[in-house]
file entry23.cif (mmCIF, C-alpha atoms and all ligand atoms)
data_work
#
loop_
_atom_site.label_atom_id
_atom_site.label_comp_id
_atom_site.auth_asym_id
_atom_site.auth_seq_id
_atom_site.Cartn_x
_atom_site.Cartn_y
_atom_site.Cartn_z
CA MET A 2 -12.92 1.86 30.27
CA ILE A 3 -14.65 2.04 26.89
CA THR A 4 -18.04 3.63 26.37
CA ALA A 5 -20.13 3.95 23.23
CA GLN A 6 -23.14 6.24 23.37
CA GLY A 7 -25.92 6.45 20.81
CA ILE A 8 -23.94 4.82 18.02
CA SER A 9 -25.66 4.72 14.63
CA TRP A 10 -24.01 3.77 11.35
CA ASN A 11 -25.46 4.20 7.90
CA ILE A 12 -23.73 3.10 4.74
CA GLY A 13 -24.96 2.89 1.16
CA GLY A 14 -28.45 3.94 2.21
CA ALA A 15 -28.71 1.12 4.78
CA GLN A 16 -28.84 1.64 8.52
CA ILE A 17 -26.52 -0.98 9.96
CA LEU A 18 -26.47 0.23 13.60
CA ASP A 19 -29.22 2.16 15.32
CA ASP A 20 -28.61 4.05 18.57
CA ILE A 21 -26.44 1.49 20.37
CA SER A 22 -25.00 2.34 23.79
CA VAL A 23 -22.66 -0.09 25.56
CA SER A 24 -19.81 0.22 28.03
CA VAL A 25 -17.21 -2.13 29.45
CA GLY A 26 -15.36 -1.41 32.67
CA ALA A 27 -11.86 -2.46 33.73
CA GLY A 28 -11.85 -6.13 34.67
CA GLU A 29 -15.22 -6.69 33.06
CA LEU A 30 -16.16 -8.92 30.13
CA LEU A 31 -19.09 -7.86 27.96
CA GLY A 32 -20.32 -10.56 25.60
CA ILE A 33 -22.00 -9.44 22.38
CA ILE A 34 -24.38 -11.91 20.81
CA GLY A 35 -26.91 -11.65 18.02
CA PRO A 36 -28.02 -13.44 14.87
CA ASN A 37 -25.89 -13.35 11.68
CA GLY A 38 -25.81 -9.91 10.11
CA ALA A 39 -27.08 -8.21 13.28
CA GLY A 40 -24.25 -5.67 13.25
CA LYS A 41 -21.82 -7.11 15.81
CA SER A 42 -18.67 -6.84 13.69
CA SER A 43 -19.75 -3.38 12.56
CA LEU A 44 -19.91 -2.34 16.20
CA VAL A 45 -16.40 -3.72 16.85
CA ASN A 46 -15.12 -1.87 13.77
CA ILE A 47 -16.60 1.37 15.05
CA LEU A 48 -15.25 0.88 18.57
CA SER A 49 -11.76 0.15 17.24
CA GLY A 50 -11.76 3.14 14.89
CA VAL A 51 -11.78 1.20 11.63
CA ARG A 52 -15.17 2.78 10.82
CA ARG A 53 -16.60 6.15 11.78
CA PRO A 54 -20.12 6.18 13.22
CA SER A 55 -22.76 8.36 11.58
CA ARG A 56 -23.90 9.44 15.04
CA GLY A 57 -22.83 8.90 18.62
CA THR A 58 -19.66 9.11 20.67
CA ILE A 59 -16.95 6.73 21.86
CA SER A 60 -14.70 7.27 24.87
CA ILE A 61 -11.70 5.36 26.17
CA GLY A 62 -11.36 6.20 29.83
CA ASP A 63 -12.47 9.81 30.03
CA ARG A 64 -11.17 10.72 26.57
CA ASP A 65 -13.53 11.20 23.65
CA VAL A 66 -11.99 9.21 20.79
CA THR A 67 -14.88 9.48 18.33
CA ARG A 68 -12.71 11.37 15.85
CA LYS A 69 -9.57 9.34 16.47
CA GLY A 70 -8.48 6.58 14.09
CA ALA A 71 -7.51 3.02 14.90
CA THR A 72 -3.82 3.83 15.39
CA ALA A 73 -4.50 6.60 17.91
CA ARG A 74 -6.92 4.35 19.79
CA SER A 75 -4.37 1.57 19.96
CA ARG A 76 -1.90 4.03 21.48
CA MET A 77 -4.55 4.75 24.10
CA GLY A 78 -4.62 1.11 25.13
CA LEU A 79 -7.11 -0.50 22.77
CA ALA A 80 -6.34 -3.79 21.03
CA ARG A 81 -8.48 -6.04 18.89
CA SER A 82 -8.50 -9.38 17.16
CA PHE A 83 -10.14 -9.93 13.79
CA GLN A 84 -12.72 -12.45 12.61
CA THR A 85 -10.30 -13.58 9.94
CA SER A 86 -6.74 -14.57 10.68
CA ALA A 87 -4.05 -11.88 10.69
CA LEU A 88 -1.04 -14.17 11.07
CA PHE A 89 2.06 -14.50 8.90
CA ASP A 90 1.89 -18.19 8.01
CA GLY A 91 5.51 -18.39 6.90
CA LEU A 92 6.81 -17.13 10.25
CA THR A 93 7.01 -19.04 13.52
CA ALA A 94 4.66 -18.43 16.42
CA ALA A 95 7.42 -16.55 18.27
CA GLU A 96 8.25 -14.42 15.22
CA ASN A 97 4.61 -13.44 14.82
CA VAL A 98 4.43 -12.37 18.46
CA ARG A 99 7.77 -10.57 18.23
CA LEU A 100 6.46 -8.50 15.31
CA ALA A 101 3.43 -7.57 17.38
CA VAL A 102 5.63 -6.58 20.35
CA GLN A 103 7.92 -4.51 18.12
CA GLY A 104 4.90 -2.85 16.56
CA THR A 105 3.87 -1.51 19.95
CA ARG A 106 7.25 0.05 20.79
CA PRO A 107 7.49 3.16 18.58
CA GLY A 108 4.21 4.69 19.71
CA GLY A 109 4.06 7.15 22.57
CA LEU A 110 2.62 6.13 25.89
CA SER A 111 -0.58 7.57 27.21
CA LEU A 112 -2.10 7.96 30.63
CA VAL A 113 -4.85 5.53 29.76
CA ARG A 114 -2.54 2.66 28.92
CA ARG A 115 -2.01 0.36 31.83
CA ALA A 116 0.89 1.13 34.06
CA ALA A 117 2.49 -2.21 33.36
CA ALA A 118 2.96 -1.17 29.76
CA THR A 119 5.30 1.65 30.75
CA ALA A 120 8.04 -0.94 31.19
CA THR A 121 9.40 -2.84 28.23
CA GLY A 122 6.33 -5.03 28.03
CA GLU A 123 6.00 -8.74 28.35
CA THR A 124 8.52 -10.85 26.57
CA VAL A 125 7.54 -12.93 23.58
CA GLU A 126 8.01 -16.03 25.72
CA GLY A 127 5.81 -14.53 28.42
CA LEU A 128 3.04 -13.86 25.93
CA LEU A 129 3.27 -17.38 24.53
CA GLU A 130 3.10 -18.76 28.06
CA ARG A 131 0.08 -16.62 28.77
CA VAL A 132 -1.78 -18.31 25.91
CA ARG A 133 -0.42 -21.76 26.89
CA MET A 134 1.82 -22.14 23.85
CA PRO A 135 5.35 -22.12 25.27
CA GLY A 136 6.25 -25.37 23.49
CA LYS A 137 5.14 -24.06 20.10
CA ALA A 138 7.35 -20.99 19.83
CA GLY A 139 9.30 -22.47 16.91
CA ALA A 140 6.30 -23.87 15.01
CA LEU A 141 5.31 -22.20 11.75
CA ALA A 142 2.02 -20.33 12.16
CA GLY A 143 0.77 -21.87 8.93
CA GLY A 144 1.02 -25.35 10.43
CA LEU A 145 -0.84 -24.61 13.67
CA SER A 146 -4.34 -25.86 14.47
CA HIS A 147 -7.22 -23.39 14.35
CA GLY A 148 -7.20 -23.28 18.13
CA ASP A 149 -3.50 -22.49 18.35
CA ARG A 150 -3.86 -19.83 15.66
CA ARG A 151 -6.57 -18.18 17.73
CA LYS A 152 -4.37 -18.32 20.81
CA LEU A 153 -1.49 -16.82 18.87
CA GLU A 154 -3.71 -13.99 17.65
CA LEU A 155 -4.67 -13.39 21.25
CA ALA A 156 -1.00 -13.26 22.28
CA MET A 157 -0.40 -10.69 19.54
CA ALA A 158 -3.35 -8.59 20.66
CA LEU A 159 -1.93 -8.72 24.21
CA ALA A 160 1.52 -7.58 23.05
CA SER A 161 0.59 -3.93 23.60
CA GLU A 162 -0.64 -4.69 27.14
CA PRO A 163 -4.04 -3.22 26.31
CA SER A 164 -6.49 -1.86 28.81
CA VAL A 165 -9.34 -2.56 26.38
CA LEU A 166 -9.49 -5.72 24.28
CA LEU A 167 -12.04 -6.24 21.49
CA LEU A 168 -12.41 -9.84 20.33
CA ASP A 169 -14.43 -10.63 17.21
CA GLU A 170 -15.35 -14.30 17.33
CA PRO A 171 -12.12 -15.48 18.97
CA MET A 172 -13.32 -19.09 18.91
CA ALA A 173 -14.58 -19.32 15.35
CA GLY A 174 -13.74 -22.68 13.79
CA VAL A 175 -11.86 -24.15 16.77
CA SER A 176 -12.34 -27.57 18.36
CA ALA A 177 -14.42 -28.03 21.52
CA GLU A 178 -11.24 -28.70 23.49
CA ASP A 179 -9.66 -25.49 22.28
CA VAL A 180 -12.85 -23.55 23.06
CA ASP A 181 -12.36 -24.54 26.71
CA GLY A 182 -8.70 -23.48 26.62
CA LEU A 183 -9.46 -20.14 24.99
CA THR A 184 -12.28 -19.53 27.46
CA THR A 185 -9.86 -19.96 30.35
CA ILE A 186 -7.25 -17.68 28.77
CA ILE A 187 -9.75 -14.92 27.96
CA GLY A 188 -11.17 -15.12 31.49
CA GLU A 189 -7.64 -14.70 32.87
CA VAL A 190 -7.08 -11.63 30.67
CA ARG A 191 -10.27 -10.08 32.08
CA ASP A 192 -9.15 -10.97 35.61
CA THR A 193 -5.95 -8.95 35.15
CA GLY A 194 -8.13 -5.84 34.85
CA VAL A 195 -8.55 -5.58 31.09
CA ALA A 196 -11.94 -4.43 29.78
CA VAL A 197 -12.91 -7.19 27.32
CA LEU A 198 -15.66 -6.92 24.71
CA MET A 199 -16.18 -10.24 22.97
CA VAL A 200 -18.42 -11.06 20.00
CA GLU A 201 -18.95 -14.80 20.02
CA HIS A 202 -21.37 -17.32 18.55
CA HIS A 203 -20.56 -20.04 21.08
CA MET A 204 -23.50 -19.21 23.29
CA HIS A 205 -22.52 -21.41 26.23
CA VAL A 206 -19.13 -19.69 26.34
CA VAL A 207 -20.61 -16.18 26.32
CA LEU A 208 -23.26 -17.00 28.87
CA GLY A 209 -20.74 -18.72 31.15
CA LEU A 210 -17.90 -16.23 30.87
CA ALA A 211 -19.42 -12.79 30.39
CA ASP A 212 -20.19 -10.51 33.32
CA ARG A 213 -22.87 -8.91 31.14
CA VAL A 214 -24.31 -9.86 27.79
CA ALA A 215 -25.55 -7.43 25.13
CA VAL A 216 -27.88 -8.72 22.43
CA VAL A 217 -27.77 -6.98 19.05
CA HIS A 218 -30.57 -7.60 16.56
CA HIS A 219 -31.15 -5.77 13.27
CA GLY A 220 -28.60 -3.16 14.36
CA LYS A 221 -30.35 -2.36 17.62
CA LEU A 222 -29.49 -3.22 21.20
CA LEU A 223 -32.25 -5.63 22.16
CA ALA A 224 -31.14 -6.30 25.73
CA CYS A 225 -28.13 -5.94 28.00
CA GLY A 226 -27.72 -7.56 31.37
CA SER A 227 -26.65 -10.70 33.18
CA ALA A 228 -26.83 -14.02 31.33
CA GLY A 229 -30.00 -14.87 33.25
CA GLU A 230 -31.61 -11.54 32.44
CA VAL A 231 -31.01 -11.71 28.70
CA THR A 232 -31.90 -15.38 28.26
CA GLY A 233 -35.14 -14.76 30.16
CA ASP A 234 -36.02 -11.76 28.02
CA PRO A 235 -39.00 -12.56 25.74
CA GLU A 236 -37.72 -10.24 22.97
CA VAL A 237 -34.35 -12.01 22.99
CA GLN A 238 -36.08 -15.37 22.87
CA ARG A 239 -38.09 -14.22 19.84
CA ALA A 240 -34.89 -13.06 18.09
CA TYR A 241 -33.38 -16.50 18.66
CA LEU A 242 -36.53 -18.43 17.77
CA GLY A 243 -35.60 -22.04 17.21
CA GLU A 244 -32.14 -21.74 18.74
CA ALA A 245 -31.23 -22.96 22.21
CA LEU A 246 -30.34 -20.15 24.55
N1 LIG B 301 -18.99 -1.87 4.54
C1 LIG B 301 -20.25 -2.27 4.46
N2 LIG B 301 -21.04 -1.81 3.47
C2 LIG B 301 -22.34 -2.20 3.38
N3 LIG B 301 -22.92 -3.03 4.24
C3 LIG B 301 -22.19 -3.51 5.23
C4 LIG B 301 -20.83 -3.15 5.41
N4 LIG B 301 -20.35 -3.80 6.51
C5 LIG B 301 -21.37 -4.52 6.99
N5 LIG B 301 -22.48 -4.37 6.23
C6 LIG B 301 -23.79 -4.97 6.45
O1 LIG B 301 -24.14 -4.71 7.79
C7 LIG B 301 -24.88 -5.80 8.32
C8 LIG B 301 -24.24 -6.22 9.62
O2 LIG B 301 -22.99 -6.84 9.33
P1 LIG B 301 -22.00 -7.32 10.47
O3 LIG B 301 -20.86 -8.02 9.82
O4 LIG B 301 -21.71 -6.20 11.37
O5 LIG B 301 -22.93 -8.37 11.22
P2 LIG B 301 -22.55 -9.46 12.31
O6 LIG B 301 -23.57 -9.39 13.37
O7 LIG B 301 -21.13 -9.32 12.72
O8 LIG B 301 -22.73 -10.80 11.47
P3 LIG B 301 -22.00 -12.24 11.63
O9 LIG B 301 -22.47 -12.81 12.92
O10 LIG B 301 -22.53 -13.00 10.45
O11 LIG B 301 -20.54 -11.99 11.58
C9 LIG B 301 -24.92 -6.88 7.27
O12 LIG B 301 -26.14 -6.80 6.60
C10 LIG B 301 -23.76 -6.49 6.35
O13 LIG B 301 -24.03 -6.91 5.03
#
call {"tool": "encode", "arguments": {"input": "entry23.cif", "output": "C-alpha cells"}}
result
Amino acid sequence: MITAQGISWNIGGAQILDDISVSVGAGELLGIIGPNGAGKSSLVNILSGVRRPSRGTISIGDRDVTRKGATARSRMGLARSFQTSALFDGLTAAENVRLAVQGTRPGGLSLVRRAAATATGETVEGLLERVRMPGKAGALAGGLSHGDRRKLELAMALASEPSVLLLDEPMAGVSAEDVDGLTTIIGEVRDTGVAVLMVEHHMHVVLGLADRVAVVHHGKLLACGSAGEVTGDPEVQRAYLGEAL
C-alpha cells in the first residue's frame, strides 16, 4: 500500500536518513524500532509528506507521491498520528473526533482510498466505540488520561477511513494497562485491511504485534524481517547493546 524506495534525507549538512527502503501492504503492520535519534520520526515525516526526501521515491498504491504534500497524501488515504498530542483540550472527546470527521469531508475521493470511505464515513460514536471510549464522549480532552488521549488521537486518525496509517509512538507515556488496550485496538485496525506503520519504543508490543519489524540505526535500515529474525540479528543486538530485546 505504501512503499518507500532509497530514501535519503540531508538537512543542515547532516545526513539523517541514508538509503532506506520499506513497504507496508494492506492488512500488514510494520513496526519501526531503533535507538533514540535513529531517524524514525524523520522517516514518518517523509512518508506523510511533511518533509521532502533528498533522494528516493514514495508510492501510495501504484501512485508516485514523492512530490505530493501531506494534504494530497491524506486525500489518497494516508493518515498519521503525531508523537506529541494534537488534541483540543477545551473540547470534549466527541467534539475532537467530530472536527476530524468534518475535516475529511471537503476533500475529493480517490481510487486509493478504501471503498468504505465513499459513504459518509463512520459516525463519531462509531469511532469512539472503535477505540473503546463510548462512555467518554462528553469528557473534556484535557481531563483524559494519557491512554485515553492516545486512543482519541487514534480515533481522529481513523476518521478519514485511511488505507495507510502511520503511528509515531502511539503508546508514549501511557500506563501498562492502556498499552494492552491500545495494542488490541491497533491490531484490530490492521485486521480491517489498513496498512499500519508504527514507530514504538515498547519493544514487547512491537515484537508481539508487528508482522514485520524494521530496525533503523544512525539513519540506515539495519534489518527488516520477522520479530525472530531481527532479534536474532547480531548487528541489531549490537545496536541495542545493554537493552533487552
Ligand atoms: N529538522 C531537523 N533539522 C535538523 N536535524 C534534525 C531535524 N529533524 C530531525 N533531526 C535530527 O535527525 C536525527 C533523527 O531524529 P528523529 O527524530 O527522526 O529520530 P528518532 O529515531 O525518531 O528519535 P526518538 O526515538 O528519540 O524519537 C536526530 O539527530 C535529530 O536531531
call {"tool": "residues_around", "arguments": {"input": "entry23.cif", "residues": "Ala94 in chain A", "least_positions_apart": "2", "cutoff": "7 Å", "atoms": "all atoms listed in the file", "output": "list in words"}}
result
Leu92, Glu96, Asn97, Val98, Lys137, Ala138, Gly139, Ala140, Leu141, Ala142 and Leu153 of chain A
call {"tool": "atom_distance", "arguments": {"input": "entry23.cif", "atom1": "CA of Ile186 in chain A", "atom2": "CA of Ala101 in chain A"}}
result
18.6 Å
call {"tool": "closest_atom_pairs", "arguments": {"input": "entry23.cif", "of": "chain A", "to": "ligand LIG 301 (chain B)", "cutoff": "7 Å", "atoms": "all atoms listed in the file", "output": "JSON lines"}}
result
{"residue": "A:Ile12", "atom": "CA", "partner": "B:LIG301", "partner_atom": "C2", "distance": 5.6}
{"residue": "A:Gly13", "atom": "CA", "partner": "B:LIG301", "partner_atom": "C2", "distance": 6.1}
{"residue": "A:Ile17", "atom": "CA", "partner": "B:LIG301", "partner_atom": "O1", "distance": 4.9}
{"residue": "A:Gly35", "atom": "CA", "partner": "B:LIG301", "partner_atom": "O6", "distance": 6.2}
{"residue": "A:Pro36", "atom": "CA", "partner": "B:LIG301", "partner_atom": "O9", "distance": 5.9}
{"residue": "A:Asn37", "atom": "CA", "partner": "B:LIG301", "partner_atom": "O10", "distance": 3.6}
{"residue": "A:Gly38", "atom": "CA", "partner": "B:LIG301", "partner_atom": "O5", "distance": 3.4}
{"residue": "A:Ala39", "atom": "CA", "partner": "B:LIG301", "partner_atom": "O6", "distance": 3.7}
{"residue": "A:Gly40", "atom": "CA", "partner": "B:LIG301", "partner_atom": "O4", "distance": 3.2}
{"residue": "A:Lys41", "atom": "CA", "partner": "B:LIG301", "partner_atom": "O6", "distance": 3.8}
{"residue": "A:Ser42", "atom": "CA", "partner": "B:LIG301", "partner_atom": "O7", "distance": 3.6}
{"residue": "A:Ser43", "atom": "CA", "partner": "B:LIG301", "partner_atom": "O4", "distance": 3.6}
{"residue": "A:Leu44", "atom": "CA", "partner": "B:LIG301", "partner_atom": "O4", "distance": 6.4}
call {"tool": "residues_around", "arguments": {"input": "entry23.cif", "residues": "Val237 in chain A", "least_positions_apart": "4", "cutoff": "10 Å", "atoms": "all atoms listed in the file", "output": "ChimeraX atom specification"}}
result
/A:35,216-218,223-224,230-233,241-242,246
call {"tool": "atom_distance", "arguments": {"input": "entry23.cif", "atom1": "CA of Met2 in chain A", "atom2": "CA of Asp169 in chain A"}}
result
18.1 Å
call {"tool": "atom_distance", "arguments": {"input": "entry23.cif", "atom1": "CA of Leu88 in chain A", "atom2": "CA of Ala173 in chain A"}}
result
15.1 Å
call {"tool": "residues_around", "arguments": {"input": "entry23.cif", "residues": "Lys221 in chain A", "least_positions_apart": "4", "cutoff": "7 Å", "atoms": "only C-alpha atoms", "output": "list of chain:residue names"}}
result
A:Leu18, A:Asp19, A:Asp20, A:Ile21, A:Val217
call {"tool": "closest_residue", "arguments": {"input": "entry23.cif", "among": "A:Asp212, A:Asp90, A:Glu130, A:Glu201", "to": "Leu167 in chain A", "atoms": "only C-alpha atoms"}}
result
A:Glu201
call {"tool": "closest_residue", "arguments": {"input": "entry23.cif", "among": "A:His147, A:Val197, A:Ser55, A:Ser82", "to": "Pro171 in chain A", "atoms": "only C-alpha atoms"}}
result
A:Ser82
call {"tool": "decode", "arguments": {"input": "entry23.cif", "residues": "range 23-108 of chain A", "atoms": "C-alpha atoms", "output": "PDB file, in the first residue's frame"}}
result
ATOM      1  CA  VAL A  23      10.459  -0.102   3.386  1.00  0.00           C
ATOM      2  CA  SER A  24       6.968  -1.106   2.334  1.00  0.00           C
ATOM      3  CA  VAL A  25       3.751  -1.972   4.123  1.00  0.00           C
ATOM      4  CA  GLY A  26       0.959  -3.925   2.475  1.00  0.00           C
ATOM      5  CA  ALA A  27      -2.786  -3.779   3.115  1.00  0.00           C
ATOM      6  CA  GLY A  28      -3.602  -5.567   6.359  1.00  0.00           C
ATOM      7  CA  GLU A  29       0.026  -5.585   7.415  1.00  0.00           C
ATOM      8  CA  LEU A  30       1.673  -3.939  10.414  1.00  0.00           C
ATOM      9  CA  LEU A  31       5.304  -2.875  10.077  1.00  0.00           C
ATOM     10  CA  GLY A  32       6.963  -1.958  13.357  1.00  0.00           C
ATOM     11  CA  ILE A  33       9.832   0.532  13.246  1.00  0.00           C
ATOM     12  CA  ILE A  34      12.283   0.361  16.101  1.00  0.00           C
ATOM     13  CA  GLY A  35      15.667   1.922  16.703  1.00  0.00           C
ATOM     14  CA  PRO A  36      17.615   3.820  19.348  1.00  0.00           C
ATOM     15  CA  ASN A  37      16.829   7.482  20.141  1.00  0.00           C
ATOM     16  CA  GLY A  38      17.765   9.800  17.302  1.00  0.00           C
ATOM     17  CA  ALA A  39      17.990   6.945  14.786  1.00  0.00           C
ATOM     18  CA  GLY A  40      15.714   8.726  12.315  1.00  0.00           C
ATOM     19  CA  LYS A  41      12.356   7.024  12.910  1.00  0.00           C
ATOM     20  CA  SER A  42      10.260  10.184  13.211  1.00  0.00           C
ATOM     21  CA  SER A  43      12.101  11.675  10.240  1.00  0.00           C
ATOM     22  CA  LEU A  44      11.053   8.657   8.196  1.00  0.00           C
ATOM     23  CA  VAL A  45       7.408   9.079   9.271  1.00  0.00           C
ATOM     24  CA  ASN A  46       7.577  12.779   8.373  1.00  0.00           C
ATOM     25  CA  ILE A  47       8.883  11.921   4.925  1.00  0.00           C
ATOM     26  CA  LEU A  48       6.296   9.193   4.351  1.00  0.00           C
ATOM     27  CA  SER A  49       3.469  11.526   5.375  1.00  0.00           C
ATOM     28  CA  GLY A  50       4.702  14.385   3.194  1.00  0.00           C
ATOM     29  CA  VAL A  51       5.673  16.764   5.996  1.00  0.00           C
ATOM     30  CA  ARG A  52       9.292  16.576   4.777  1.00  0.00           C
ATOM     31  CA  ARG A  53      10.688  16.057   1.299  1.00  0.00           C
ATOM     32  CA  PRO A  54      13.405  13.430   0.910  1.00  0.00           C
ATOM     33  CA  SER A  55      16.721  14.432  -0.662  1.00  0.00           C
ATOM     34  CA  ARG A  56      16.641  11.214  -2.672  1.00  0.00           C
ATOM     35  CA  GLY A  57      14.280   8.312  -3.206  1.00  0.00           C
ATOM     36  CA  THR A  58      10.636   7.776  -4.055  1.00  0.00           C
ATOM     37  CA  ILE A  59       7.402   7.153  -2.165  1.00  0.00           C
ATOM     38  CA  SER A  60       4.300   5.495  -3.586  1.00  0.00           C
ATOM     39  CA  ILE A  61       0.816   5.003  -2.192  1.00  0.00           C
ATOM     40  CA  GLY A  62      -0.728   2.110  -4.051  1.00  0.00           C
ATOM     41  CA  ASP A  63       0.677   2.452  -7.550  1.00  0.00           C
ATOM     42  CA  ARG A  64       0.857   6.252  -7.442  1.00  0.00           C
ATOM     43  CA  ASP A  65       4.159   8.053  -7.019  1.00  0.00           C
ATOM     44  CA  VAL A  66       3.533  10.657  -4.315  1.00  0.00           C
ATOM     45  CA  THR A  67       7.125  11.790  -3.818  1.00  0.00           C
ATOM     46  CA  ARG A  68       6.270  15.319  -4.940  1.00  0.00           C
ATOM     47  CA  LYS A  69       2.887  15.447  -3.232  1.00  0.00           C
ATOM     48  CA  GLY A  70       2.410  17.256   0.077  1.00  0.00           C
ATOM     49  CA  ALA A  71       0.767  15.993   3.235  1.00  0.00           C
ATOM     50  CA  THR A  72      -2.720  17.187   2.258  1.00  0.00           C
ATOM     51  CA  ALA A  73      -2.654  15.417  -1.105  1.00  0.00           C
ATOM     52  CA  ARG A  74      -1.391  12.235   0.544  1.00  0.00           C
ATOM     53  CA  SER A  75      -4.163  12.348   3.113  1.00  0.00           C
ATOM     54  CA  ARG A  76      -6.683  12.596   0.277  1.00  0.00           C
ATOM     55  CA  MET A  77      -5.106   9.442  -1.127  1.00  0.00           C
ATOM     56  CA  GLY A  78      -5.877   7.548   2.060  1.00  0.00           C
ATOM     57  CA  LEU A  79      -2.922   8.258   4.323  1.00  0.00           C
ATOM     58  CA  ALA A  80      -3.408   9.244   7.962  1.00  0.00           C
ATOM     59  CA  ARG A  81      -0.941   9.723  10.777  1.00  0.00           C
ATOM     60  CA  SER A  82      -0.709  10.382  14.472  1.00  0.00           C
ATOM     61  CA  PHE A  83       1.959  12.580  16.000  1.00  0.00           C
ATOM     62  CA  GLN A  84       4.457  11.977  18.797  1.00  0.00           C
ATOM     63  CA  THR A  85       3.054  14.976  20.607  1.00  0.00           C
ATOM     64  CA  SER A  86      -0.625  15.446  21.280  1.00  0.00           C
ATOM     65  CA  ALA A  87      -2.767  17.171  18.663  1.00  0.00           C
ATOM     66  CA  LEU A  88      -5.981  17.398  20.693  1.00  0.00           C
ATOM     67  CA  PHE A  89      -8.082  20.431  21.577  1.00  0.00           C
ATOM     68  CA  ASP A  90      -8.067  20.187  25.376  1.00  0.00           C
ATOM     69  CA  GLY A  91     -11.032  22.522  25.825  1.00  0.00           C
ATOM     70  CA  LEU A  92     -13.296  20.383  23.630  1.00  0.00           C
ATOM     71  CA  THR A  93     -14.910  17.075  24.506  1.00  0.00           C
ATOM     72  CA  ALA A  94     -13.720  13.755  23.124  1.00  0.00           C
ATOM     73  CA  ALA A  95     -16.702  13.673  20.745  1.00  0.00           C
ATOM     74  CA  GLU A  96     -16.092  17.247  19.576  1.00  0.00           C
ATOM     75  CA  ASN A  97     -12.466  16.455  18.809  1.00  0.00           C
ATOM     76  CA  VAL A  98     -13.485  13.440  16.742  1.00  0.00           C
ATOM     77  CA  ARG A  99     -16.260  15.399  15.023  1.00  0.00           C
ATOM     78  CA  LEU A 100     -13.724  18.011  13.914  1.00  0.00           C
ATOM     79  CA  ALA A 101     -11.573  15.257  12.477  1.00  0.00           C
ATOM     80  CA  VAL A 102     -14.555  13.738  10.630  1.00  0.00           C
ATOM     81  CA  GLN A 103     -15.592  17.128   9.251  1.00  0.00           C
ATOM     82  CA  GLY A 104     -12.026  17.780   8.167  1.00  0.00           C
ATOM     83  CA  THR A 105     -12.150  14.733   5.925  1.00  0.00           C
ATOM     84  CA  ARG A 106     -15.371  15.695   4.127  1.00  0.00           C
ATOM     85  CA  PRO A 107     -14.399  18.558   1.792  1.00  0.00           C
ATOM     86  CA  GLY A 108     -11.592  16.684   0.054  1.00  0.00           C
TER      87      GLY A 108
END
